[in-house]
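Participant: Let me give you the structure first, and then I'll get to my questions.
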Amino acid sequence: MASETVAPIEPKPLLAAWSLCQREIVRFLRQRNRIIGAIGQPLLFWLLFGAGMSRTFQLPGAATSAGVSFLEYYFSGTLMLIVLFTAIFATISIIEDRNEGFLQSVLAAPIPRWSMVLGKVMGGALLATLQGVLFLLLALTLKVNLGPLNFLVMAVFLLIVGIGLTSLGFLLAWRMESTQGFHAVMNLLLMPLWLLSGAFFPVPWINAQSPWSQVVMHWVMRLNPVTYAIASLREIMYWGMGDDAPLPGRGLPVEAYWSPSPVTGVVVTIAFAALMLGWACWAAAEPRSGDA
Amino acid sequence: MSLAAISIENVSYSYGARRALNDLSLQIEAGEIFVFLGPNGGGKTTLFRLLSTLAPLQAGKIDLLGFDLASQRDQVRRRIGVVFQSPSLDKKLTVAENMRQQSALYGLSGAAAREAEDRMMRRLGVIDRAGDLAEQLSGGLRRRVELAKGMIHRPQLLLLDEPSTGLDPGARSSLWEYLQRIRTEQGVTIVLTTHLLEEAEKADRIAILDEGTLVALDRPAALKASVGGDSVTITTRGDVEALAGQLRQIVTEEVRVMESAVRFESADASQLAPRIMQSLGDQIESITFGKPTLEDVFIDKTGRQYWREEASDGK
């Protein structure tokens with residue numbers, strides 16, 4: 001009775017990616033501590049730093065302006081930290097998938113590797129967006145004023161940032177055998193990436209008289225892709241406020257801190273996400289003996 | 001049904017300097033239950049990883065169901081079902097969710113996916129656990145869900161890596177019942193690896209792998225018949241070598257020395273017994289006669305005990 005052996009199936013890469021993406025979200029929602037870890041710490045930092053630094057924090061050249069409170073300045077940085085944490089947790093799971101055996105059934109399936117990468121990255125990015133939005137809602141009840149359109153654009157932008165950071169995390173985690181190794185990378189690379197993005201302190205403005213250390217700091221931060229995401233988040237936050245917006249060259253003096261133009265910020269962020277996603281797909285494409 | 005389901009030609013595989021497979025060639029016929037038997041470290045797992053498309057082919061050629069493994073990997077993957085030794089279930093998902101995941105990986109959606117998932121969960125008797133998280137299932141049930149997953153797209157060829165690991169005897173025999181049923185009812189070719197001699201007995205044909213080399217390939221009965229006659233094992237409290245020396249003067253067959261025993265195969269072992277007892281009785285602790293087992297086959301082909309170095313790594 002060989003009639004049961006029907007024609008071979010037709011693989012659907014996007015269906016597989018969507019299913020893997022859903023899996024990320026379902027798994028996340030079943031692990032409550034991950035939600036608390038990813039949103040709780042940044043929120044706590046925001047409130048504590050916001051309260052603690054409010055007296056000492058002052059933007060250069062902004063002494064006379066009504067200025068920006070640290071709580072307000074640090075807001076976009078907190079949002080970025082949430083996205084970063086969520087993206088990191090999502091990509092650590094690729095190491096777990098490999099160690100627990102789940103990954104081998106995905107790799108043996110008739111789907112291209114990019115569909116697996118896309119599922120993982122979209123899952124991570126959606127989770128990051130979801131958490132970011134949750135934080136935005138919380139923040140709305142506190143001090144932050146955000147219009148509905150700004151809110152919406154912010155959510156879309158967070159998704160793009162999330163794609164970039166999850167893809168970066170995937171690249172780092174793909175060849176790793178233990179989650180301990182990932183923590184080392186996180187401390188050495190990912191946290192500095194965030195710290196030197198203008199999230200916590202502004203990119204220094206430089207001129208001919210600036211000391212060399214300031215110049216180095218300026219360029220390190222200027223070459224950091226996350227800087228452009230942070231700048232864009234600020235831009236979106238104050239979008240529609242015109243010249244009153246507390247941004248350099250508008251409500252604040254130009255030399256308050258360095259910031260890329262709005263267009264540059266968005267373009268760099270999108271380009272970074274595309275580049276990282278493409279790279280991750282490429283890196284995972286070829287089977288090697290250590291894959292699963 | 002003489003078409004080869006799997007054809008392996010001159011396949012070698014190395015991990016750095018260590019050679020895991022050494023110029024392996026063999027054919028597996030469509031519709032047979034085929035076992036790769038060997039001690040851990042024999043190369044079974046490496047071969048399984050090659051056949052399941054997880055490891056890239058380094059040297060040689062493999063055809064699965066008429067498709068070239070190296071150039072038509074995707075065609076191969078559509079047609080084979082794979083059940084891994086380490087569980088591939090997501091423990092945080094329910095049984096039904098795991099099945100849905102597998103459906104999506106194999107291009108099944110909507111009603112077709114639901115139908116396939118229900119059919120497989122029913123067939124493997126896990127439908128009543130559909131809503132339970134995979135981590136709540138026993139080892140035997142998990143293996144059944146793995147099987148249900150592996151068969152969801154009705155593959156023509158099912159590959160299983162050490163499927164009995166961690167199963168109690170009851171679960172083991174129901175696994176074999178199922179394998180035999182899908183082979184008979186659906187004509188599925190079944191290829192599995194095992195290090196368990198008694199499991200290999202149930203196969204149509206057995207390939208014995210040792211240190212990456214094919215040392216024997218035949219039906220279980222034929223393999224055992226090739227050993228010739230009965231096996232005689234004599235254990236002693238005294239010096240094994242000395243006993244072997246004396247024994248060689250009595251019997252003409254080749255006498256092998258094992259750890260604390262000597263052993264030989266003979267066509268008329270029962271005739272020899274009285275003579276052995278007479279001249280060596282005071283040194284003998286026990287003397288055992290037996291029909292040859294697969295263990296005897298292994299010893300005969302490799303000159304080594306089967307169960308040595310059991311604790312060494314399982315690559």
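By convention in this document, the chains of the structure tokens carry letters A, B, ... by their order, each chain's residues are numbered from 1, and ligands are numbered from 1 in the order they are shown.
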Show me, as an MDAnalysis selection string, the residues of chain B whose atoms get within 7 Å of chain A, using only C-alpha atoms for the distance check.

Facilitator: chainID B and resid 52:56 74 77:79 86:90 92 101 104:107 153:154 156 185:187

Participant: Tell me, as a ChimeraX atom specification, which residues lie within 7 Å of range 211-218 of chain B, counting only C-alpha atoms; anything in the same chain fewer than 3 positions away does not count.

Facilitator: /B:20-22,24,41-43,205-208,222-223,301

Participant: Can I get the selection written as a tab-separated table (two decimals), in the first residue's frame, with all heavy atoms?

Facilitator:
```tsv
chain	number	residue	atom	x	y	z
B	20	ALA	N	36.89	9.85	11.12
B	20	ALA	CA	35.68	9.26	11.71
B	20	ALA	C	35.05	8.24	10.77
B	20	ALA	O	34.43	7.27	11.22
B	20	ALA	CB	34.67	10.35	12.03
B	21	LEU	N	35.20	8.45	9.47
B	21	LEU	CA	34.70	7.48	8.49
B	21	LEU	C	35.80	7.22	7.47
B	21	LEU	O	36.45	8.15	7.02
B	21	LEU	CB	33.47	8.04	7.76
B	21	LEU	CG	32.17	8.10	8.54
B	21	LEU	CD1	31.08	8.74	7.70
B	21	LEU	CD2	31.73	6.73	9.02
B	22	ASN	N	35.96	5.97	7.15
B	22	ASN	CA	37.10	5.60	6.33
B	22	ASN	C	36.64	4.84	5.07
B	22	ASN	O	36.35	3.66	5.13
B	22	ASN	CB	38.04	4.73	7.17
B	22	ASN	CG	39.41	4.64	6.55
B	22	ASN	OD1	39.66	5.23	5.50
B	22	ASN	ND2	40.28	3.89	7.18
B	24	LEU	N	33.93	4.51	3.12
B	24	LEU	CA	32.75	3.68	3.33
B	24	LEU	C	31.93	3.58	2.03
B	24	LEU	O	31.66	4.58	1.39
B	24	LEU	CB	31.90	4.33	4.42
B	24	LEU	CG	30.74	3.55	4.98
B	24	LEU	CD1	31.24	2.40	5.82
B	24	LEU	CD2	29.88	4.47	5.84
B	41	GLY	N	31.77	5.75	19.04
B	41	GLY	CA	33.04	6.13	18.45
B	41	GLY	C	33.32	5.40	17.15
B	41	GLY	O	34.34	5.60	16.52
B	42	GLY	N	32.38	4.56	16.73
B	42	GLY	CA	32.58	3.77	15.51
B	42	GLY	C	32.35	4.54	14.22
B	42	GLY	O	32.71	4.08	13.15
B	43	GLY	N	31.71	5.71	14.33
B	43	GLY	CA	31.45	6.50	13.13
B	43	GLY	C	29.98	6.59	12.78
B	43	GLY	O	29.62	7.25	11.80
B	205	ARG	N	18.76	-5.86	7.49
B	205	ARG	CA	20.20	-5.98	7.28
B	205	ARG	C	20.96	-5.10	8.25
B	205	ARG	O	20.45	-4.08	8.71
B	205	ARG	CB	20.57	-5.59	5.84
B	205	ARG	CG	20.18	-6.66	4.82
B	205	ARG	CD	20.98	-6.50	3.55
B	205	ARG	NE	20.77	-5.19	2.95
B	205	ARG	CZ	21.66	-4.61	2.13
B	205	ARG	NH1	22.80	-5.19	1.86
B	205	ARG	NH2	21.39	-3.43	1.60
B	206	ILE	N	22.17	-5.51	8.54
B	206	ILE	CA	23.00	-4.79	9.50
B	206	ILE	C	24.33	-4.44	8.86
B	206	ILE	O	24.93	-5.28	8.18
B	206	ILE	CB	23.30	-5.66	10.74
B	206	ILE	CG1	22.02	-6.11	11.41
B	206	ILE	CG2	24.20	-4.92	11.72
B	206	ILE	CD1	22.26	-7.12	12.52
B	207	ALA	N	24.76	-3.21	9.07
B	207	ALA	CA	26.14	-2.86	8.70
B	207	ALA	C	26.88	-2.62	10.01
B	207	ALA	O	26.43	-1.82	10.83
B	207	ALA	CB	26.17	-1.61	7.84
B	208	ILE	N	27.98	-3.32	10.21
B	208	ILE	CA	28.75	-3.11	11.44
B	208	ILE	C	29.88	-2.14	11.15
B	208	ILE	O	30.68	-2.35	10.24
B	208	ILE	CB	29.31	-4.44	11.99
B	208	ILE	CG1	28.15	-5.40	12.29
B	208	ILE	CG2	30.13	-4.20	13.24
B	208	ILE	CD1	28.58	-6.74	12.86
B	222	ALA	N	22.54	-14.34	8.57
B	222	ALA	CA	23.71	-14.66	7.75
B	222	ALA	C	25.00	-14.27	8.46
B	222	ALA	O	26.00	-14.98	8.40
B	222	ALA	CB	23.60	-13.95	6.41
B	223	LEU	N	24.95	-13.11	9.13
B	223	LEU	CA	26.14	-12.67	9.86
B	223	LEU	C	26.51	-13.69	10.93
B	223	LEU	O	27.68	-14.06	11.09
B	223	LEU	CB	25.89	-11.30	10.51
B	223	LEU	CG	25.96	-10.08	9.60
B	223	LEU	CD1	25.57	-8.84	10.39
B	223	LEU	CD2	27.35	-9.92	9.02
B	301	LYS	N	35.00	-10.32	13.58
B	301	LYS	CA	35.45	-9.43	12.51
B	301	LYS	C	36.53	-8.47	12.95
B	301	LYS	O	37.33	-8.01	12.13
B	301	LYS	CB	34.27	-8.60	11.97
B	301	LYS	CG	33.10	-9.40	11.45
B	301	LYS	CD	33.38	-10.02	10.10
B	301	LYS	CE	32.15	-10.78	9.62
B	301	LYS	NZ	32.48	-11.67	8.49
```

Participant: Using Å and a single decimal, report how far CA of Leu152 in chain A sits from CA of Leu252 in chain A.

Facilitator: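 We find that CA of Leu252 in chain A and CA of Leu152 in chain A lie 25.6 Å from each other.
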
Participant: May I have all residues of range 115-249 of chain B that DSSP, computed from the backbone, assigns to strand (DSSP E or B), given as JSON, numbers by chain?

Facilitator: {"B": [133, 157, 158, 159, 160, 161, 189, 190, 191, 192, 193, 194, 205, 206, 207, 208, 209, 210, 213, 214, 215, 216, 217, 218, 230, 231, 232, 233, 234, 235, 236]}

Participant: Emit the selected residues as a CSV table (one decimal), in the first residue's frame, including N, CA, C and O atoms.

Facilitator:
```csv
chain,number,residue,atom,x,y,z
B,133,LEU,N,2.9,20.8,27.8
B,133,LEU,CA,4.3,21.3,27.4
B,133,LEU,C,5.2,20.0,27.2
B,133,LEU,O,5.1,19.0,28.0
B,157,LEU,N,11.8,8.1,3.4
B,157,LEU,CA,13.0,7.5,4.1
B,157,LEU,C,13.0,8.1,5.5
B,157,LEU,O,12.9,9.3,5.6
B,158,LEU,N,13.1,7.3,6.5
B,158,LEU,CA,13.1,7.8,7.9
B,158,LEU,C,14.5,7.4,8.5
B,158,LEU,O,14.9,6.3,8.5
B,159,LEU,N,15.2,8.4,9.0
B,159,LEU,CA,16.5,8.2,9.6
B,159,LEU,C,16.3,8.4,11.1
B,159,LEU,O,15.8,9.4,11.5
B,160,LEU,N,16.8,7.5,11.9
B,160,LEU,CA,16.7,7.6,13.3
B,160,LEU,C,18.1,7.3,14.0
B,160,LEU,O,18.8,6.3,13.7
B,161,ASP,N,18.5,8.3,14.8
B,161,ASP,CA,19.8,8.1,15.5
B,161,ASP,C,19.6,7.6,16.9
B,161,ASP,O,19.0,8.2,17.7
B,189,THR,N,11.4,3.4,3.8
B,189,THR,CA,12.7,2.8,4.1
B,189,THR,C,13.2,3.4,5.5
B,189,THR,O,13.1,4.6,5.7
B,190,ILE,N,13.6,2.5,6.4
B,190,ILE,CA,14.0,2.9,7.7
B,190,ILE,C,15.5,2.6,8.0
B,190,ILE,O,15.9,1.5,7.8
B,191,VAL,N,16.2,3.7,8.3
B,191,VAL,CA,17.6,3.5,8.6
B,191,VAL,C,17.9,4.0,10.0
B,191,VAL,O,17.5,5.1,10.3
B,192,LEU,N,18.5,3.2,10.8
B,192,LEU,CA,18.8,3.6,12.1
B,192,LEU,C,20.1,3.2,12.6
B,192,LEU,O,20.7,2.3,12.1
B,193,THR,N,20.6,4.0,13.6
B,193,THR,CA,21.9,3.7,14.2
B,193,THR,C,21.6,3.1,15.6
B,193,THR,O,20.7,3.6,16.2
B,194,THR,N,22.5,2.2,16.0
B,194,THR,CA,22.3,1.8,17.4
B,194,THR,C,23.6,1.2,17.9
B,194,THR,O,24.4,0.7,17.1
B,205,ARG,N,18.8,-5.9,7.5
B,205,ARG,CA,20.2,-6.0,7.3
B,205,ARG,C,21.0,-5.1,8.3
B,205,ARG,O,20.5,-4.1,8.7
B,206,ILE,N,22.2,-5.5,8.5
B,206,ILE,CA,23.0,-4.8,9.5
B,206,ILE,C,24.3,-4.4,8.9
B,206,ILE,O,24.9,-5.3,8.2
B,207,ALA,N,24.8,-3.2,9.1
B,207,ALA,CA,26.1,-2.9,8.7
B,207,ALA,C,26.9,-2.6,10.0
B,207,ALA,O,26.4,-1.8,10.8
B,208,ILE,N,28.0,-3.3,10.2
B,208,ILE,CA,28.7,-3.1,11.4
B,208,ILE,C,29.9,-2.1,11.2
B,208,ILE,O,30.7,-2.4,10.2
B,209,LEU,N,29.9,-1.0,11.9
B,209,LEU,CA,30.9,0.0,11.7
B,209,LEU,C,31.9,-0.1,12.9
B,209,LEU,O,31.4,-0.1,14.1
B,210,ASP,N,33.1,-0.1,12.7
B,210,ASP,CA,34.1,-0.1,13.7
B,210,ASP,C,35.2,0.9,13.3
B,210,ASP,O,35.8,0.7,12.3
B,213,THR,N,35.2,2.2,9.8
B,213,THR,CA,35.3,1.2,8.7
B,213,THR,C,34.1,0.2,8.7
B,213,THR,O,33.7,-0.2,9.8
B,214,LEU,N,33.6,-0.1,7.6
B,214,LEU,CA,32.6,-1.1,7.5
B,214,LEU,C,33.2,-2.5,7.6
B,214,LEU,O,34.0,-2.9,6.8
B,215,VAL,N,32.9,-3.2,8.7
B,215,VAL,CA,33.5,-4.5,8.9
B,215,VAL,C,32.7,-5.7,8.5
B,215,VAL,O,33.2,-6.8,8.3
B,216,ALA,N,31.3,-5.5,8.4
B,216,ALA,CA,30.5,-6.5,8.0
B,216,ALA,C,29.1,-5.9,7.5
B,216,ALA,O,28.7,-4.9,8.0
B,217,LEU,N,28.5,-6.6,6.6
B,217,LEU,CA,27.2,-6.1,6.1
B,217,LEU,C,26.4,-7.3,5.6
B,217,LEU,O,26.8,-8.0,4.6
B,218,ASP,N,25.3,-7.6,6.3
B,218,ASP,CA,24.5,-8.8,5.8
B,218,ASP,C,23.2,-8.8,6.7
B,218,ASP,O,23.0,-8.0,7.6
B,230,ASP,N,29.2,-23.2,17.0
B,230,ASP,CA,28.9,-22.6,18.3
B,230,ASP,C,30.1,-21.9,18.9
B,230,ASP,O,31.2,-22.2,18.5
B,231,SER,N,29.8,-21.0,19.8
B,231,SER,CA,30.9,-20.3,20.4
B,231,SER,C,31.1,-20.9,21.8
B,231,SER,O,30.2,-21.3,22.5
B,232,VAL,N,32.4,-21.1,22.2
B,232,VAL,CA,32.7,-21.6,23.5
B,232,VAL,C,33.5,-20.6,24.2
B,232,VAL,O,34.5,-20.1,23.7
B,233,THR,N,33.0,-20.3,25.4
B,233,THR,CA,33.7,-19.3,26.2
B,233,THR,C,34.1,-20.0,27.5
B,233,THR,O,33.2,-20.5,28.2
B,234,ILE,N,35.4,-19.9,27.9
B,234,ILE,CA,35.8,-20.5,29.1
B,234,ILE,C,36.4,-19.4,30.0
B,234,ILE,O,37.3,-18.7,29.6
B,235,THR,N,35.9,-19.3,31.2
B,235,THR,CA,36.5,-18.4,32.1
B,235,THR,C,37.4,-19.1,33.1
B,235,THR,O,37.1,-20.3,33.4
B,236,THR,N,38.4,-18.4,33.6
B,236,THR,CA,39.3,-19.1,34.6
B,236,THR,C,39.7,-18.1,35.7
B,236,THR,O,39.6,-16.9,35.5
```

Participant: Considering only C-alpha atoms, can you say which of A:Met154, A:Ile160, A:Leu137, A:Ala199 comes closest to Tyr73 in chain A?

Facilitator: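 Of the candidates, the smallest distance to Tyr73 in chain A is held by A:Ala199.
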